[in-house]
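Reading through the structure tokens given below for one structure.
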Amino acid sequence: MLKRLDFDPPAAAARAQCIGVLDSGVGGLTVLRALHRRLPGAAMVYIGDVSHAPYGERPADEIAARCVALVGSLAARGARLIVVACNTATVLAIEALRARWPALSFVGVEPGVKPAVFLSRSRRIAVMATTATAASARLRELIDRHAQGAHVHVQPCPGLAAAIERGVLDGPELLAVLRPGCESIIAANVDTVVLGCTHYPFVEPTLRVLLGADITLIDTAAAIAERTASLWEQGSPRFETTPDIRVLSTGALGTMQLLLERCAGLEQVRVARLSEGVQKNSPSPSS
Ligand code: DGL
């Protein structure tokens with residue numbers, strides 16, 4: 001059962017208990033969309049750390065510090081279950097977050113190596129990810145655990161999450177960012193490609209053009225929503241909430257608003273600026 005956080009929340013907004021979702025920016029909206037589809041009655045608060053995106057080109061300790069600040073903000077807004085809707089933050093910070101907040105439940109997002117190996121007919125897959133995720137020991141462990149002898153081509157995609165943050169979702173600029181990585185993936189002769197960054201589903205149509213229509217793309221958002229729902233539904237009646245979705249950005253609002261309007265079920269949600277800023281000193285955890 002989920003336990004109550006034992007600190008004095010600073011804001012009146014902390015009254016309602018909800019699911020907290022975080023990402024470096026707009027990418028986690030692909031997970032929020034799946035969460036809302038699976039749990040339409042659950043209140044959720046999303047923070048996109050737009051002023052620090054992209055995470056994938058930043059040092060690990062900086063990403064971990066940002067995640068601590070974001071989780072502090074989400075907890076202060078009533079979040080009792082946190083979905084780290086960012087592969088980069090999950091691979092680099094989720095263990096530290098779990099250790100710091102033992103009373104919160106966490107669901108992380110990791111590249112879908114296991115389903116990709118299961119679905120691949122040729123037993124050759126690729127993982128597209130940020131530079132930080134691609135270089136992480138955790139991705140290496142994930143591959144060692146689930147590859148079962150399959151060939152796994154890891155493709156870092158520098159600049160791609162940043163382009164999506166700028167609202168570049170198609171056209172020549174996106175093609176220029178995507179083409180080198182896609183050419184390497186084609187040369188690796190794979191039949192299944194893992195979208196190992198929550199930003200990437202937003203450019204799926206262009207990826208299909210570059211990689212070919214026969215490629216299988218793996219996005220784990222629905223599986224993450226299923227896992228979250230099973231944890232949420234284990235909660236006691238005090239976790240029943242009203243369907244209220246709040247979306248906050250630490251930076252610019254434009255791309256986030258644009259993408260919300262393209263996410264089925266979230267079209268009416270308006271993004272707001274996290275005006276008081278993410279807390280520098282997050283509330284002390286207590287078990
Ligand atoms: N959406 C994130 C991920 O899943 C982070 C992308 C970034 O900020 O570099 O990895």
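All residue names refer to the structure tokens as shown: chains lettered A, B, ... in order, residues numbered from 1 in each chain, ligands numbered from 1 in order.
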With only C-alpha atoms and all ligand atoms counted and 8 Å as the cut-off, give the residues of chain A in contact with ligand 1, each with its shortest interatomic distance in Å and the pair that gives it, as JSON lines.
```
{"residue": "A:Asp23", "atom": "CA", "partner": "ligand 1", "partner_atom_place_in_ligand_line": "1 (N)", "distance": 5.9}
{"residue": "A:Ser24", "atom": "CA", "partner": "ligand 1", "partner_atom_place_in_ligand_line": "8 (O)", "distance": 4.7}
{"residue": "A:Gly25", "atom": "CA", "partner": "ligand 1", "partner_atom_place_in_ligand_line": "8 (O)", "distance": 6.4}
{"residue": "A:Val26", "atom": "CA", "partner": "ligand 1", "partner_atom_place_in_ligand_line": "1 (N)", "distance": 7.2}
{"residue": "A:Gly27", "atom": "CA", "partner": "ligand 1", "partner_atom_place_in_ligand_line": "1 (N)", "distance": 4.4}
{"residue": "A:Gly28", "atom": "CA", "partner": "ligand 1", "partner_atom_place_in_ligand_line": "1 (N)", "distance": 6.0}
{"residue": "A:His52", "atom": "CA", "partner": "ligand 1", "partner_atom_place_in_ligand_line": "8 (O)", "distance": 8.0}
{"residue": "A:Ala53", "atom": "CA", "partner": "ligand 1", "partner_atom_place_in_ligand_line": "8 (O)", "distance": 4.8}
{"residue": "A:Pro54", "atom": "CA", "partner": "ligand 1", "partner_atom_place_in_ligand_line": "8 (O)", "distance": 3.2}
{"residue": "A:Tyr55", "atom": "CA", "partner": "ligand 1", "partner_atom_place_in_ligand_line": "8 (O)", "distance": 3.7}
{"residue": "A:Gly56", "atom": "CA", "partner": "ligand 1", "partner_atom_place_in_ligand_line": "9 (O)", "distance": 3.3}
{"residue": "A:Glu57", "atom": "CA", "partner": "ligand 1", "partner_atom_place_in_ligand_line": "9 (O)", "distance": 6.2}
{"residue": "A:Ala85", "atom": "CA", "partner": "ligand 1", "partner_atom_place_in_ligand_line": "4 (O)", "distance": 6.5}
{"residue": "A:Cys86", "atom": "CA", "partner": "ligand 1", "partner_atom_place_in_ligand_line": "4 (O)", "distance": 3.5}
{"residue": "A:Asn87", "atom": "CA", "partner": "ligand 1", "partner_atom_place_in_ligand_line": "4 (O)", "distance": 3.7}
{"residue": "A:Thr88", "atom": "CA", "partner": "ligand 1", "partner_atom_place_in_ligand_line": "10 (O)", "distance": 3.9}
{"residue": "A:Ala89", "atom": "CA", "partner": "ligand 1", "partner_atom_place_in_ligand_line": "10 (O)", "distance": 6.7}
{"residue": "A:Val109", "atom": "CA", "partner": "ligand 1", "partner_atom_place_in_ligand_line": "4 (O)", "distance": 7.4}
{"residue": "A:Ala129", "atom": "CA", "partner": "ligand 1", "partner_atom_place_in_ligand_line": "10 (O)", "distance": 6.5}
{"residue": "A:Thr130", "atom": "CA", "partner": "ligand 1", "partner_atom_place_in_ligand_line": "9 (O)", "distance": 5.5}
{"residue": "A:Thr131", "atom": "CA", "partner": "ligand 1", "partner_atom_place_in_ligand_line": "9 (O)", "distance": 7.7}
{"residue": "A:Ala132", "atom": "CA", "partner": "ligand 1", "partner_atom_place_in_ligand_line": "9 (O)", "distance": 7.8}
{"residue": "A:Thr133", "atom": "CA", "partner": "ligand 1", "partner_atom_place_in_ligand_line": "10 (O)", "distance": 6.7}
{"residue": "A:Leu160", "atom": "CA", "partner": "ligand 1", "partner_atom_place_in_ligand_line": "9 (O)", "distance": 8.0}
{"residue": "A:Ala161", "atom": "CA", "partner": "ligand 1", "partner_atom_place_in_ligand_line": "6 (C)", "distance": 5.2}
{"residue": "A:Ala162", "atom": "CA", "partner": "ligand 1", "partner_atom_place_in_ligand_line": "9 (O)", "distance": 6.9}
{"residue": "A:Gly196", "atom": "CA", "partner": "ligand 1", "partner_atom_place_in_ligand_line": "4 (O)", "distance": 6.3}
{"residue": "A:Cys197", "atom": "CA", "partner": "ligand 1", "partner_atom_place_in_ligand_line": "4 (O)", "distance": 3.2}
{"residue": "A:Thr198", "atom": "CA", "partner": "ligand 1", "partner_atom_place_in_ligand_line": "4 (O)", "distance": 3.9}
{"residue": "A:His199", "atom": "CA", "partner": "ligand 1", "partner_atom_place_in_ligand_line": "1 (N)", "distance": 4.7}
{"residue": "A:Tyr200", "atom": "CA", "partner": "ligand 1", "partner_atom_place_in_ligand_line": "1 (N)", "distance": 7.8}
```
- Would you list the contacts of range 245-247 of chain A as a ChimeraX atom specification, taking every protein, DNA or RNA residue within 9 Å and counting only C-alpha atoms, but skipping same-chain residues closer than 3 positions in sequence? /A:36,42-48,256,266,269-273
- Write out as a ChimeraX atom specification each polymer residue whose atoms come within 12 Å of Arg98 in chain A, counting only C-alpha atoms; drop sequence neighbours fewer than 4 positions from it. /A:64,67-68,71,81-84,90,93-94,102-108,285-287
- Near Gly212 in chain A, within 12 Å and counting only C-alpha atoms, which residues show up once chain neighbours fewer than 3 positions away are dropped, as a PyMOL selection string? chain A and resi 182-183+185-186+189-193+204-209+215-217
- Message: Give me the residues near Ala188 in chain A as number ranges by chain, where near means some atom within 8 Å (using only C-alpha atoms) and where sequence neighbours in that chain fewer than 4 positions away do not count.
- Response: A: 126, 153, 184
Can you list every residue in range 36-238 of chain A that DSSP puts in strand (DSSP E or B), as a tab-separated table (two decimals) with C-alpha atoms, in the first residue's frame?
```
chain	number	residue	atom	x	y	z
A	44	MET	CA	-2.16	14.01	-12.51
A	45	VAL	CA	0.39	16.75	-12.33
A	46	TYR	CA	3.14	16.92	-14.94
A	47	ILE	CA	6.31	18.98	-14.76
A	48	GLY	CA	8.45	19.43	-17.86
A	79	ALA	CA	1.88	13.38	-5.87
A	80	ARG	CA	2.14	10.04	-4.11
A	81	LEU	CA	3.18	7.98	-7.11
A	82	ILE	CA	5.84	9.41	-9.40
A	83	VAL	CA	6.27	8.38	-13.02
A	84	VAL	CA	9.75	9.29	-14.21
A	105	SER	CA	6.19	4.88	-5.24
A	106	PHE	CA	8.19	5.35	-8.43
A	107	VAL	CA	7.67	4.00	-11.93
A	108	GLY	CA	10.54	4.49	-14.35
A	124	ARG	CA	18.55	-7.86	-34.71
A	125	ILE	CA	17.27	-4.74	-32.98
A	126	ALA	CA	18.33	-1.12	-32.49
A	127	VAL	CA	17.86	1.21	-29.53
A	128	MET	CA	17.58	4.93	-30.27
A	129	ALA	CA	18.38	6.99	-27.18
A	151	HIS	CA	22.25	-8.34	-31.83
A	152	VAL	CA	21.55	-4.93	-30.26
A	153	HIS	CA	22.71	-1.80	-32.10
A	154	VAL	CA	22.72	1.22	-29.74
A	155	GLN	CA	22.18	4.48	-31.62
A	156	PRO	CA	22.75	7.77	-29.75
A	192	THR	CA	12.86	-3.63	-34.74
A	193	VAL	CA	13.77	-0.23	-33.29
A	194	VAL	CA	13.25	0.82	-29.68
A	195	LEU	CA	12.28	4.44	-29.12
A	216	THR	CA	8.65	-2.29	-35.98
A	217	LEU	CA	8.91	0.68	-33.61
A	218	ILE	CA	8.70	-0.01	-29.87
```
Determine, using only C-alpha atoms, which residues of range 22-131 of chain A have any atom at most 8 Å from an atom of range 229-234 of chain A, and tabulate each with its shortest atom pair and distance in Å to one decimal place, rows ordered by chain and then rising number, as a tab-separated table.
```
residue	atom	partner	partner_atom	distance
A:Leu35	CA	A:Ala229	CA	7.9
A:Arg38	CA	A:Ala229	CA	7.1
A:Leu39	CA	A:Ala229	CA	6.6
A:Leu81	CA	A:Trp232	CA	7.5
```
Would you write out those residues with N, CA and C atoms, as a short mmCIF file (atom, residue, chain, number, x, y, z; two decimals), in the first residue's frame?
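Result went into result-v9.cif, see below:
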```
data_model
loop_
_atom_site.label_atom_id
_atom_site.label_comp_id
_atom_site.auth_asym_id
_atom_site.auth_seq_id
_atom_site.Cartn_x
_atom_site.Cartn_y
_atom_site.Cartn_z
N LEU A 35 -1.06 7.43 -19.84
CA LEU A 35 -1.55 7.33 -18.45
C LEU A 35 -3.01 7.79 -18.37
N ARG A 38 -5.33 5.24 -19.83
CA ARG A 38 -5.52 4.05 -18.98
C ARG A 38 -6.22 4.38 -17.66
N LEU A 39 -5.99 5.61 -17.15
CA LEU A 39 -6.56 6.02 -15.85
C LEU A 39 -7.31 7.35 -16.03
N LEU A 81 2.58 8.96 -6.20
CA LEU A 81 3.18 7.98 -7.11
C LEU A 81 3.83 8.81 -8.21
#
```
- Message: Quick check, in Å to one decimal: how far apart do CA of Asp219 in chain A and CA of Pro201 in chain A lie?
- Response: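 CA of Asp219 in chain A sits 7.1 Å away from CA of Pro201 in chain A.
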- Task: Would you kindly return, as a list in words, each protein, DNA or RNA residue with an atom no farther than 8 Å from any atom of Gly167 in chain A, considering only C-alpha atoms and excluding same-chain residues fewer than 2 positions away?
- Result: Ala163, Ile164, Glu165, Leu169, Thr255 and Leu258 of chain A
